[in-house]
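Student: Below is query.tsv; it holds TSV, C-alpha atoms.
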chain	number	residue	atom	x	y	z
A	1	MET	CA	117.84	183.90	87.02
A	2	THR	CA	117.04	184.85	90.59
A	3	LYS	CA	119.61	186.77	92.58
A	4	SER	CA	120.50	183.65	94.55
A	5	ALA	CA	121.24	181.87	91.26
A	6	ALA	CA	123.16	184.74	89.66
A	7	PRO	CA	125.91	183.65	87.28
A	8	HIS	CA	129.47	183.77	88.61
A	9	LEU	CA	131.38	182.99	85.41
A	10	LEU	CA	133.19	186.10	84.18
A	11	PRO	CA	130.91	187.50	81.45
A	12	VAL	CA	133.47	187.52	78.64
A	13	PHE	CA	131.53	185.09	76.43
A	14	ALA	CA	128.26	185.86	74.62
A	15	ARG	CA	126.89	182.43	75.49
A	16	ALA	CA	123.88	180.96	73.69
A	17	ASP	CA	121.01	180.02	75.99
A	18	ILE	CA	121.64	176.31	75.80
A	19	GLY	CA	123.72	173.81	77.76
A	20	PHE	CA	124.84	170.26	77.01
A	21	GLU	CA	125.21	167.24	79.26
A	22	ARG	CA	126.78	164.65	76.98
A	23	GLY	CA	127.94	163.90	73.46
A	24	GLU	CA	127.94	160.96	71.08
A	25	GLY	CA	130.10	161.12	67.96
A	26	CYS	CA	128.95	164.14	65.94
A	27	TRP	CA	125.99	164.81	68.25
A	28	LEU	CA	125.49	166.81	71.44
A	29	ILE	CA	122.58	166.20	73.80
A	30	ALA	CA	121.26	169.28	75.58
A	31	THR	CA	120.18	169.38	79.21
A	32	ASN	CA	116.57	169.30	77.97
A	33	GLY	CA	117.25	166.11	75.98
A	34	GLU	CA	117.26	167.69	72.50
A	35	ARG	CA	119.91	166.47	70.04
A	36	TYR	CA	122.13	168.89	68.10
A	37	LEU	CA	124.38	168.08	65.15
A	38	ASP	CA	127.72	169.51	66.22
A	39	PHE	CA	129.52	171.24	63.36
A	40	THR	CA	131.42	173.46	65.78
A	41	SER	CA	133.47	170.67	67.37
A	42	GLY	CA	134.47	172.94	70.22
A	43	VAL	CA	135.86	175.29	67.52
A	44	ALA	CA	137.91	172.62	65.72
A	45	VAL	CA	138.87	170.80	68.94
A	46	ASN	CA	136.74	167.63	69.03
A	47	ALA	CA	138.27	166.20	65.87
A	48	LEU	CA	137.22	162.66	66.77
A	49	GLY	CA	133.80	163.72	67.96
A	50	HIS	CA	132.43	163.18	71.45
A	51	ALA	CA	133.19	160.19	73.68
A	52	HIS	CA	135.36	158.46	71.09
A	53	PRO	CA	136.08	154.99	72.54
A	54	THR	CA	139.83	155.14	71.90
A	55	LEU	CA	140.16	158.45	73.75
A	56	VAL	CA	137.86	157.35	76.57
A	57	LYS	CA	139.86	154.16	77.11
A	58	ALA	CA	143.20	156.01	77.07
A	59	LEU	CA	142.10	158.56	79.65
A	60	GLN	CA	140.42	155.99	81.87
A	61	GLU	CA	143.56	153.87	81.94
A	62	GLN	CA	145.86	156.84	82.55
A	63	ALA	CA	143.61	158.20	85.32
A	64	THR	CA	144.30	155.07	87.38
A	65	LYS	CA	148.08	155.49	87.03
A	66	LEU	CA	149.34	159.08	87.10
A	67	TRP	CA	147.65	162.47	86.78
A	68	HIS	CA	150.54	164.86	87.18
A	69	MET	CA	154.27	164.93	87.66
A	70	SER	CA	156.85	167.69	87.47
A	71	ASN	CA	158.83	168.35	84.32
A	72	LEU	CA	161.89	167.97	86.53
A	73	PHE	CA	161.63	164.25	85.73
A	74	GLN	CA	161.62	162.09	82.61
A	75	SER	CA	158.38	161.65	80.64
A	76	PRO	CA	158.52	158.42	78.60
A	77	ASP	CA	155.00	158.88	77.20
A	78	GLY	CA	155.73	162.53	76.42
A	79	GLU	CA	158.90	161.53	74.61
A	80	ARG	CA	156.91	159.00	72.59
A	81	LEU	CA	154.38	161.66	71.58
A	82	ALA	CA	157.12	164.13	70.69
A	83	THR	CA	158.88	161.49	68.59
A	84	ARG	CA	155.68	160.70	66.70
A	85	LEU	CA	155.01	164.39	65.99
A	86	CYS	CA	158.58	164.92	64.80
A	87	ASN	CA	158.42	161.83	62.60
A	88	GLU	CA	155.29	163.22	60.92
A	89	SER	CA	156.63	166.76	60.48
A	90	PHE	CA	159.74	168.83	59.85
A	91	ALA	CA	160.56	169.18	63.55
A	92	ASP	CA	163.38	167.88	65.74
A	93	PHE	CA	162.04	169.13	69.09
A	94	VAL	CA	158.65	169.61	70.76
A	95	PHE	CA	157.62	171.66	73.78
A	96	PHE	CA	154.27	170.75	75.33
A	97	CYS	CA	152.01	173.34	76.91
A	98	ASN	CA	148.30	173.74	77.65
A	99	SER	CA	146.74	175.87	74.90
A	100	GLY	CA	147.15	177.45	71.50
A	101	ALA	CA	148.08	180.82	72.94
A	102	GLU	CA	150.82	179.21	75.04
A	103	ALA	CA	152.08	177.36	71.98
A	104	LEU	CA	152.31	180.69	70.14
A	105	GLU	CA	154.08	182.31	73.09
A	106	CYS	CA	156.68	179.55	72.80
A	107	VAL	CA	156.95	180.10	69.04
A	108	ILE	CA	157.64	183.80	69.62
A	109	LYS	CA	160.25	183.04	72.28
A	110	VAL	CA	161.96	180.43	70.08
A	111	VAL	CA	162.24	182.94	67.22
A	112	ARG	CA	163.59	185.73	69.40
A	113	ARG	CA	165.96	183.51	71.34
A	114	TYR	CA	167.39	182.04	68.14
A	115	HIS	CA	168.69	185.39	67.01
A	116	ALA	CA	169.84	186.42	70.50
A	117	SER	CA	171.87	183.20	70.76
A	118	LYS	CA	173.54	184.09	67.45
A	119	GLY	CA	174.63	187.46	68.82
A	120	HIS	CA	171.78	189.51	67.37
A	121	PRO	CA	169.36	190.37	70.21
A	122	GLU	CA	168.20	193.38	68.20
A	123	ARG	CA	166.43	190.99	65.84
A	124	TYR	CA	163.19	190.40	67.72
A	125	ARG	CA	160.41	191.69	65.47
A	126	MET	CA	157.99	189.40	63.63
A	127	ILE	CA	155.91	190.12	60.54
A	128	THR	CA	152.26	189.08	60.92
A	129	PHE	CA	149.16	189.48	58.76
A	130	GLU	CA	145.89	191.37	58.86
A	131	GLY	CA	142.97	189.12	59.74
A	132	ALA	CA	145.13	186.76	61.78
A	133	PHE	CA	144.22	185.39	65.18
A	134	HIS	CA	147.01	184.03	67.37
A	135	GLY	CA	145.54	184.04	70.88
A	136	ARG	CA	144.44	186.08	73.89
A	137	THR	CA	147.65	186.60	75.86
A	138	LEU	CA	149.21	190.05	75.64
A	139	ALA	CA	151.92	188.87	73.25
A	140	THR	CA	149.59	186.91	70.98
A	141	LEU	CA	147.09	189.78	70.98
A	142	ALA	CA	149.88	192.04	69.74
A	143	ALA	CA	150.75	189.47	67.07
A	144	THR	CA	147.08	189.38	66.07
A	145	GLY	CA	147.01	193.16	65.88
A	146	SER	CA	143.23	193.57	65.88
A	147	ALA	CA	142.05	196.76	67.57
A	148	LYS	CA	138.88	195.13	68.93
A	149	TYR	CA	140.90	192.53	70.84
A	150	LEU	CA	143.54	195.02	72.05
A	151	GLU	CA	141.17	197.72	73.28
A	152	GLY	CA	141.47	198.50	76.97
A	153	PHE	CA	144.60	196.47	77.68
A	154	GLY	CA	147.16	199.25	77.45
A	155	PRO	CA	149.97	199.64	74.93
A	156	PRO	CA	150.40	196.55	72.72
A	157	MET	CA	153.53	194.52	73.28
A	158	GLU	CA	156.33	195.71	71.01
A	159	GLY	CA	157.75	193.58	68.24
A	160	PHE	CA	155.09	192.89	65.60
A	161	ASP	CA	154.73	194.45	62.16
A	162	GLN	CA	151.41	193.67	60.52
A	163	VAL	CA	150.95	193.70	56.73
A	164	PRO	CA	148.01	192.94	54.40
A	165	HIS	CA	147.31	189.24	53.93
A	166	GLY	CA	148.82	187.90	50.71
A	167	ASP	CA	150.76	191.09	49.91
A	168	LEU	CA	154.30	189.96	49.14
A	169	ASP	CA	155.57	193.47	48.38
A	170	ALA	CA	154.36	194.64	51.79
A	171	VAL	CA	156.24	191.76	53.41
A	172	LYS	CA	159.44	192.70	51.59
A	173	LYS	CA	159.11	196.34	52.67
A	174	ALA	CA	158.52	195.31	56.29
A	175	ILE	CA	161.76	193.33	56.51
A	176	GLY	CA	164.45	195.33	58.30
A	177	PRO	CA	167.54	194.91	60.51
A	178	GLN	CA	165.33	194.08	63.52
A	179	THR	CA	163.19	191.45	61.77
A	180	ALA	CA	163.48	187.97	63.26
A	181	GLY	CA	160.76	185.99	61.51
A	182	ILE	CA	157.41	185.74	59.77
A	183	LEU	CA	154.32	184.26	61.46
A	184	ILE	CA	151.33	183.11	59.42
A	185	GLU	CA	148.33	180.78	59.53
A	186	PRO	CA	148.17	178.59	56.40
A	187	ILE	CA	144.42	179.23	56.57
A	188	GLN	CA	143.00	182.01	58.72
A	189	GLY	CA	140.21	180.44	60.76
A	190	GLU	CA	138.93	183.27	62.94
A	191	GLY	CA	139.80	185.69	60.14
A	192	GLY	CA	137.17	184.24	57.82
A	193	VAL	CA	138.60	180.96	56.45
A	194	ARG	CA	141.02	182.82	54.18
A	195	SER	CA	143.72	180.64	52.62
A	196	ALA	CA	147.25	181.72	51.85
A	197	THR	CA	148.18	180.48	48.39
A	198	PRO	CA	150.98	177.91	48.07
A	199	ALA	CA	152.86	180.39	45.88
A	200	PHE	CA	152.68	183.07	48.58
A	201	LEU	CA	153.84	180.69	51.30
A	202	LYS	CA	156.72	179.48	49.09
A	203	SER	CA	157.73	183.11	48.57
A	204	LEU	CA	157.73	183.66	52.33
A	205	ARG	CA	159.99	180.61	52.70
A	206	GLN	CA	162.37	182.06	50.12
A	207	LEU	CA	162.41	185.46	51.84
A	208	CYS	CA	163.20	183.86	55.18
A	209	ASP	CA	166.06	181.89	53.66
A	210	GLU	CA	167.45	184.99	51.92
A	211	HIS	CA	167.33	187.20	55.03
A	212	GLY	CA	168.16	184.66	57.72
A	213	LEU	CA	164.66	184.75	59.22
A	214	LEU	CA	162.62	181.97	60.77
A	215	LEU	CA	159.30	181.02	59.19
A	216	ALA	CA	156.63	180.18	61.77
A	217	PHE	CA	153.30	178.54	60.99
A	218	ASP	CA	150.36	178.84	63.34
A	219	GLU	CA	148.63	175.48	62.86
A	220	VAL	CA	146.56	175.64	66.04
A	221	GLN	CA	143.37	175.35	63.98
A	222	THR	CA	144.65	173.88	60.71
A	223	GLY	CA	146.75	171.15	62.30
A	224	MET	CA	145.79	167.62	63.37
A	225	GLY	CA	143.84	166.64	60.27
A	226	ARG	CA	141.52	169.60	59.92
A	227	THR	CA	142.63	170.45	56.36
A	228	GLY	CA	142.80	166.87	55.10
A	229	ASP	CA	146.31	165.93	56.25
A	230	LEU	CA	147.90	165.78	59.67
A	231	PHE	CA	149.34	169.27	59.14
A	232	ALA	CA	148.37	171.84	56.51
A	233	HIS	CA	151.98	172.42	55.52
A	234	ARG	CA	152.29	168.82	54.33
A	235	ARG	CA	149.69	169.52	51.64
A	236	LEU	CA	151.22	172.86	50.71
A	237	GLY	CA	154.77	171.70	50.17
A	238	VAL	CA	156.21	174.49	52.34
A	239	THR	CA	158.23	173.67	55.44
A	240	PRO	CA	158.34	176.10	58.38
A	241	ASP	CA	161.07	176.33	61.02
A	242	VAL	CA	158.65	176.57	63.95
A	243	MET	CA	154.99	175.58	64.32
A	244	SER	CA	152.26	175.81	66.95
A	245	LEU	CA	149.66	173.10	67.55
A	246	ALA	CA	146.73	172.81	69.98
A	247	LYS	CA	142.96	172.45	69.59
A	248	ALA	CA	142.52	168.94	68.11
A	249	LEU	CA	145.87	167.66	69.42
A	250	GLY	CA	144.18	166.27	72.53
A	251	GLY	CA	140.80	165.58	70.94
A	252	GLY	CA	139.18	167.78	73.60
A	253	PHE	CA	141.70	167.45	76.41
A	254	PRO	CA	143.72	170.68	76.81
A	255	ILE	CA	147.20	170.42	75.27
A	256	GLY	CA	149.31	172.59	73.00
A	257	ALA	CA	152.70	172.13	71.41
A	258	CYS	CA	155.49	174.13	69.82
A	259	LEU	CA	157.47	172.20	67.21
A	260	ALA	CA	160.85	173.40	65.94
A	261	THR	CA	163.88	172.32	63.96
A	262	ALA	CA	167.13	171.81	65.85
A	263	GLN	CA	168.53	174.96	64.29
A	264	ALA	CA	165.52	177.11	65.18
A	265	ALA	CA	165.51	175.76	68.74
A	266	SER	CA	169.26	176.21	69.24
A	267	GLY	CA	168.73	179.09	71.66
A	268	MET	CA	166.33	177.20	73.92
A	269	THR	CA	168.53	175.98	76.77
A	270	PRO	CA	167.63	174.72	80.28
A	271	GLY	CA	165.73	177.43	82.13
A	272	SER	CA	164.84	179.45	79.02
A	273	HIS	CA	161.23	178.25	79.03
A	274	GLY	CA	158.95	176.05	81.09
A	275	SER	CA	155.46	175.02	82.15
A	276	THR	CA	153.99	173.46	85.29
A	277	PHE	CA	151.23	171.54	83.53
A	278	GLY	CA	152.70	171.24	80.03
A	279	GLY	CA	153.03	167.59	79.04
A	280	ASN	CA	150.62	166.49	81.77
A	281	PRO	CA	150.27	162.66	81.68
A	282	LEU	CA	146.51	162.83	81.05
A	283	ALA	CA	146.98	165.25	78.16
A	284	ILE	CA	149.81	163.19	76.71
A	285	SER	CA	147.70	160.03	76.84
A	286	ALA	CA	144.85	161.79	75.04
A	287	ALA	CA	147.15	163.15	72.31
A	288	ASN	CA	148.79	159.76	71.74
A	289	ALA	CA	145.30	158.24	71.42
A	290	VAL	CA	144.35	160.92	68.87
A	291	LEU	CA	147.41	160.01	66.80
A	292	ASP	CA	146.58	156.31	67.11
A	293	VAL	CA	143.29	157.03	65.33
A	294	MET	CA	144.47	159.63	62.83
A	295	LEU	CA	147.49	157.69	61.62
A	296	LYS	CA	145.46	154.62	60.68
A	297	PRO	CA	145.36	154.04	56.90
A	298	GLY	CA	142.47	155.83	55.22
A	299	PHE	CA	141.72	158.37	57.93
A	300	PHE	CA	142.73	161.43	55.91
A	301	ASP	CA	141.23	159.95	52.75
A	302	HIS	CA	137.92	159.98	54.61
A	303	VAL	CA	138.39	163.63	55.63
A	304	GLN	CA	139.10	164.62	52.03
A	305	LYS	CA	136.11	162.65	50.74
A	306	MET	CA	133.76	164.28	53.26
A	307	SER	CA	135.25	167.67	52.43
A	308	LEU	CA	134.48	167.29	48.73
A	309	LEU	CA	130.94	166.12	49.47
A	310	LEU	CA	130.28	168.98	51.89
A	311	LYS	CA	131.62	171.61	49.50
A	312	GLN	CA	129.50	170.27	46.65
A	313	LYS	CA	126.36	170.23	48.78
A	314	LEU	CA	127.01	173.72	50.15
A	315	ALA	CA	127.55	175.08	46.64
A	316	SER	CA	124.11	173.78	45.66
A	317	VAL	CA	122.55	175.65	48.59
A	318	ILE	CA	124.27	178.85	47.46
A	319	ASP	CA	122.75	178.37	44.01
A	320	ARG	CA	119.27	178.20	45.55
A	321	HIS	CA	119.70	180.90	48.21
A	322	PRO	CA	122.02	183.60	46.83
A	323	ASP	CA	120.21	186.16	49.00
A	324	VAL	CA	121.50	184.39	52.15
A	325	VAL	CA	124.87	182.79	51.29
A	326	SER	CA	127.34	183.61	48.55
A	327	GLU	CA	130.61	181.64	48.72
A	328	VAL	CA	132.23	178.44	50.02
A	329	ARG	CA	135.81	178.62	51.29
A	330	GLY	CA	138.37	176.39	52.95
A	331	GLU	CA	140.16	173.07	52.81
A	332	GLY	CA	139.43	169.70	54.35
A	333	LEU	CA	136.79	170.12	57.02
A	334	LEU	CA	137.71	173.71	57.78
A	335	ILE	CA	134.90	175.13	55.66
A	336	GLY	CA	133.54	178.66	55.62
A	337	ILE	CA	130.34	180.00	54.10
A	338	LYS	CA	130.32	183.71	53.39
A	339	ALA	CA	126.92	185.04	54.35
A	340	VAL	CA	124.91	187.79	52.69
A	341	VAL	CA	122.79	188.26	55.80
A	342	PRO	CA	124.64	189.01	59.07
A	343	SER	CA	126.61	185.88	59.92
A	344	ALA	CA	125.26	185.92	63.49
A	345	ASP	CA	121.74	185.65	62.07
A	346	LEU	CA	122.73	182.59	60.04
A	347	VAL	CA	124.41	180.95	63.07
A	348	ALA	CA	121.23	181.56	65.10
A	349	ALA	CA	118.98	180.22	62.32
A	350	LEU	CA	121.11	177.09	62.07
A	351	ARG	CA	120.94	176.63	65.82
A	352	ASP	CA	117.15	176.81	65.54
A	353	GLN	CA	117.50	173.87	63.15
A	354	LYS	CA	119.61	172.03	65.77
A	355	LEU	CA	122.84	172.51	63.80
A	356	LEU	CA	125.75	174.08	65.69
A	357	THR	CA	128.18	176.26	63.73
A	358	VAL	CA	130.49	179.13	64.60
A	359	GLY	CA	131.04	182.57	63.13
A	360	ALA	CA	134.29	184.06	61.86
A	361	GLY	CA	135.57	187.32	60.42
A	362	ASP	CA	134.53	188.67	57.01
A	363	ASN	CA	130.89	187.71	57.74
A	364	VAL	CA	131.68	184.01	57.45
A	365	VAL	CA	130.08	181.02	59.20
A	366	ARG	CA	132.39	178.06	59.80
A	367	PHE	CA	131.35	174.43	59.33
A	368	LEU	CA	133.78	172.43	61.51
A	369	PRO	CA	132.38	168.90	61.84
A	370	PRO	CA	134.31	166.18	63.63
A	371	LEU	CA	136.70	164.53	61.20
A	372	ILE	CA	134.85	161.23	61.71
A	373	VAL	CA	131.65	162.72	60.26
A	374	ALA	CA	129.67	160.32	58.07
A	375	GLU	CA	128.08	160.97	54.70
A	376	ALA	CA	124.59	160.80	56.23
A	377	GLU	CA	125.52	163.53	58.72
A	378	ILE	CA	126.88	165.72	55.92
A	379	GLU	CA	123.55	165.30	54.10
A	380	ASP	CA	121.68	166.05	57.33
A	381	SER	CA	123.66	169.26	57.96
A	382	VAL	CA	122.99	170.57	54.46
A	383	ALA	CA	119.26	169.87	54.83
A	384	ARG	CA	119.29	171.91	58.04
A	385	LEU	CA	121.17	174.70	56.27
A	386	GLU	CA	118.58	174.63	53.51
A	387	ARG	CA	115.77	175.09	56.04
A	388	ALA	CA	117.66	177.89	57.81
A	389	CYS	CA	118.24	179.72	54.54
A	390	ALA	CA	114.57	179.35	53.60
A	391	ALA	CA	113.55	180.83	56.94
A	392	LEU	CA	115.94	183.76	56.57
A	393	SER	CA	114.77	184.39	52.99
A	394	SER	CA	111.16	184.42	54.21
A	395	ASN	CA	112.06	186.89	56.95
A	396	LYS	CA	113.78	189.19	54.43
A	397	ARG	CA	110.72	189.17	52.15
A	398	ALA	CA	108.43	189.88	55.09
A	399	ALA	CA	110.61	192.78	56.21
A	400	SER	CA	110.59	194.32	52.75
Re-express the file's structure as structure tokens.

Tutor:
Amino acid sequence: MTKSAAPHLLPVFARADIGFERGEGCWLIATNGERYLDFTSGVAVNALGHAHPTLVKALQEQATKLWHMSNLFQSPDGERLATRLCNESFADFVFFCNSGAEALECVIKVVRRYHASKGHPERYRMITFEGAFHGRTLATLAATGSAKYLEGFGPPMEGFDQVPHGDLDAVKKAIGPQTAGILIEPIQGEGGVRSATPAFLKSLRQLCDEHGLLLAFDEVQTGMGRTGDLFAHRRLGVTPDVMSLAKALGGGFPIGACLATAQAASGMTPGSHGSTFGGNPLAISAANAVLDVMLKPGFFDHVQKMSLLLKQKLASVIDRHPDVVSEVRGEGLLIGIKAVVPSADLVAALRDQKLLTVGAGDNVVRFLPPLIVAEAEIEDSVARLERACAALSSNKRAAS
């Protein structure tokens, strides 16, 4: 770039040298006209792909009526969306916000306020897990606990006790008189597509019940169909007290939500929380349209069918290229491939094959196709992976 065309976006993203001008279903079209198969989905956001007609129609219609109003007034469409989410989950109440991090901030406040309202303000600490990712605000960074994300931002916010993922004894030891709740992702997305076992999650539920704690699920990435049901906890048979949603909730339009039981939310009174843009009419219309599509009969059956096909195809690639990839992880269409080569090299090689994927912790590459992905596109993605693995294998032999 020339000096006159210097970039002015804050350089906090390591952006690939490619830009897109439009999307169609599972495909993105670059500014140079090249087509890319999008298995990033905006990092599990574009669950219905790009330019889905139901979402487009909903936003176009809402844009002619009302863009914004204050939360000082009634929101009939917001109430409808909240009712639908509660009907499909454990929750009695919903708070709408703008992002996953904001949804987690609300979760944390709900948990703390619950105990304060019961006369125990000293109970404010939450147990979290190594490898987690809960957001980029100061509170959610502290909940995440990763040194690389916390570096340079001063002392971490107090109130989080991190333990090894899946270690029930460590959880038991971490519970004390100041403990308020336990926060966990049913599947760690950023952490490397690592699943918590149903038995472990059931044990956490039992511990919370025994000690008067609240169990909070972070379903920002796993929610809204990504794991093969509307919410991951519905497949696991474990019910939380509080839950965060975002990402796919608006199908690409920014919206987050905190869901809670009436008991868990008993401390949240007028003035205890708020948001200027939360529950924005455009966002609400998008989220209601997403539910219109996802709640149609057969939608999640399709996700599960495509998941099985993708896993089978990926396993066959691992058999042929064990020097490049070694393991398939995940549920639904939240799939991770553990790489033998550096995961960034595999992401780059796939991008060379016009397949967009995204890295994660533990040297994993995530395959996050839109939930509407077709069998032919699954086959296409695996063929591109095959070519990328062959190229990386060739490079390794040449280097040796």

Student: Which one of A:Asp380, A:Glu79, A:Glu34, A:Glu386 sits closest to Val325 of chain A if you count all atoms listed in the file?

Tutor: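 When distances to Val325 of chain A are compared using all atoms listed in the file, the smallest one comes from A:Glu386.
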
Student: Using only C-alpha atoms, determine which residues lie at most 10 Å from segment 174-178 of chain A, disregarding the query and same-chain residues fewer than 4 positions distant; provide the list as a list in words.

Tutor: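 The contact residues come out as His115, His120, Pro121, Glu122, Arg123, Tyr124, Arg125, Met126, Ile127, Thr128, Gly159, Asp161, Gln162, Val163, Leu168, Asp169, Ala170, Ile182, Leu207, Cys208, His211 and Leu213 of chain A.
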
Student: Take the residues from that selection and write them out as a compact mmCIF listing (two decimals), in the coordinates of the input, keeping C-alpha atoms.

Tutor:
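Written out: result11.txt:
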# COMPACT_ATOMS: atom_id res chain seq x y z
CA HIS A 115 168.69 185.39 67.01
CA HIS A 120 171.78 189.51 67.37
CA PRO A 121 169.36 190.37 70.21
CA GLU A 122 168.20 193.38 68.20
CA ARG A 123 166.43 190.99 65.84
CA TYR A 124 163.19 190.40 67.72
CA ARG A 125 160.41 191.69 65.47
CA MET A 126 157.99 189.40 63.63
CA ILE A 127 155.91 190.12 60.54
CA THR A 128 152.26 189.08 60.92
CA GLY A 159 157.75 193.58 68.24
CA ASP A 161 154.73 194.45 62.16
CA GLN A 162 151.41 193.67 60.52
CA VAL A 163 150.95 193.70 56.73
CA LEU A 168 154.30 189.96 49.14
CA ASP A 169 155.57 193.47 48.38
CA ALA A 170 154.36 194.64 51.79
CA ILE A 182 157.41 185.74 59.77
CA LEU A 207 162.41 185.46 51.84
CA CYS A 208 163.20 183.86 55.18
CA HIS A 211 167.33 187.20 55.03
CA LEU A 213 164.66 184.75 59.22

Student: Counting only C-alpha atoms, which residue out of A:Asp345, A:Glu88, A:Glu102, A:Glu151 sits closest to Met224 of chain A?

Tutor: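 Looking only at the distances to Met224 of chain A, the closest residue turns out to be A:Glu88.
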
Student: Determine the nearest neighbour of Leu314 of chain A from the options A:Ala14, A:Leu215, A:Leu81, A:Val328, counting only C-alpha atoms.

Tutor: A:Val328

Student: Give the answer as one residue: which of A:Gly332, A:Pro322, A:Gly279, A:Gly152 has the shortest atom-to-atom distance to Gly225 of chain A, using all atoms listed in the file?

Tutor: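 Distance minimum relative to Gly225 of chain A lands on A:Gly332.
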
Student: Tell me which of A:Lys247, A:Lys148, A:Arg113, A:His134 sits closest to Ser99 of chain A, counting all atoms listed in the file.

Tutor: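 Ranking A:Lys247, A:Lys148, A:Arg113, A:His134 by distance to Ser99 of chain A, first place goes to A:Lys247.
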
Student: Taking a cut-off of 10 Å and counting all atoms listed in the file, can you build a table that, for each residue of segment 39-113 of chain A near segment 293-300 of chain A, reports the nearest atom pair and how far apart they are in Å (one decimal), sorted by chain then residue number, as a tab-separated table?

Tutor:
residue	atom	partner	partner_atom	distance
A:Ala47	CA	A:Met294	CA	9.5
A:Leu48	CA	A:Val293	CA	8.4
A:His52	CA	A:Val293	CA	9.9
A:Thr54	CA	A:Val293	CA	7.7
A:Leu55	CA	A:Val293	CA	9.1
A:Glu88	CA	A:Leu295	CA	9.6

Student: Given all atoms listed in the file as the basis, pick out the residue of A:Ala180, A:Val45, A:Ala147, A:Ile187 nearest to Gly212 of chain A.

Tutor: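 The shortest atom-to-atom distance to Gly212 of chain A comes from A:Ala180.
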
Student: Could you state the separation of atom CA of Ser195 of chain A and atom CA of Met306 of chain A in Å, given to one decimal place?

Tutor: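 For atom CA of Ser195 of chain A relative to atom CA of Met306 of chain A, the distance reads 19.2 Å.
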
Student: What's the 9 Å shell around Ala246 of chain A, counting only C-alpha atoms, without same-chain residues fewer than 4 positions away, as a list in words?

Tutor: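 The contact residues come out as Val45, Cys97, Asn98, Ser99, Gly100, Ala101, Ala103, Glu219, Val220, Gln221, Gly223, Met224, Gly250, Pro254, Ile255, Gly256, Ala257 and Cys258 of chain A.
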
Student: Using all atoms listed in the file, which residues sit within 12 Å of His273 of chain A once same-chain residues fewer than 2 positions away are excluded, as a CSV table (one decimal) with C-alpha atoms, keeping the file's coordinate frame?

Tutor:
chain,number,residue,atom,x,y,z
A,71,ASN,CA,158.8,168.4,84.3
A,95,PHE,CA,157.6,171.7,73.8
A,96,PHE,CA,154.3,170.8,75.3
A,97,CYS,CA,152.0,173.3,76.9
A,102,GLU,CA,150.8,179.2,75.0
A,103,ALA,CA,152.1,177.4,72.0
A,105,GLU,CA,154.1,182.3,73.1
A,106,CYS,CA,156.7,179.6,72.8
A,107,VAL,CA,157.0,180.1,69.0
A,108,ILE,CA,157.6,183.8,69.6
A,109,LYS,CA,160.2,183.0,72.3
A,110,VAL,CA,162.0,180.4,70.1
A,113,ARG,CA,166.0,183.5,71.3
A,258,CYS,CA,155.5,174.1,69.8
A,265,ALA,CA,165.5,175.8,68.7
A,267,GLY,CA,168.7,179.1,71.7
A,268,MET,CA,166.3,177.2,73.9
A,269,THR,CA,168.5,176.0,76.8
A,270,PRO,CA,167.6,174.7,80.3
A,271,GLY,CA,165.7,177.4,82.1
A,275,SER,CA,155.5,175.0,82.2
A,276,THR,CA,154.0,173.5,85.3
A,278,GLY,CA,152.7,171.2,80.0

Student: Could you list, as a ChimeraX atom specification, every residue within 8 Å of Glu185 of chain A, counting only C-alpha atoms and ignoring same-chain residues fewer than 4 positions away?

Tutor: /A:132,196,217-219,222

Student: Skipping near chain neighbours, those fewer than 5 positions away, what residues fall within 9 Å of Ala388 of chain A using all atoms listed in the file, listed as a PyMOL selection string?

Tutor: chain A and resi 346+348-353+383+393

Student: Deliver the residues from the most recent selection as a file, using C-alpha atoms, as a tab-separated table (two decimals), in the coordinates of the input.

Tutor:
chain	number	residue	atom	x	y	z
A	346	LEU	CA	122.73	182.59	60.04
A	348	ALA	CA	121.23	181.56	65.10
A	349	ALA	CA	118.98	180.22	62.32
A	350	LEU	CA	121.11	177.09	62.07
A	351	ARG	CA	120.94	176.63	65.82
A	352	ASP	CA	117.15	176.81	65.54
A	353	GLN	CA	117.50	173.87	63.15
A	383	ALA	CA	119.26	169.87	54.83
A	393	SER	CA	114.77	184.39	52.99

Student: Taking all atoms of segment 36-40 of chain A that appear in the file, build a box with edges along x, y and z, extend it by 8 Å on every side, and state its centre and edge lengths in Å to one decimal, as AutoDock Vina command-line options.

Tutor:
--center_x 126.8 --center_y 170.8 --center_z 65.7 --size_x 25.3 --size_y 21.4 --size_z 20.7
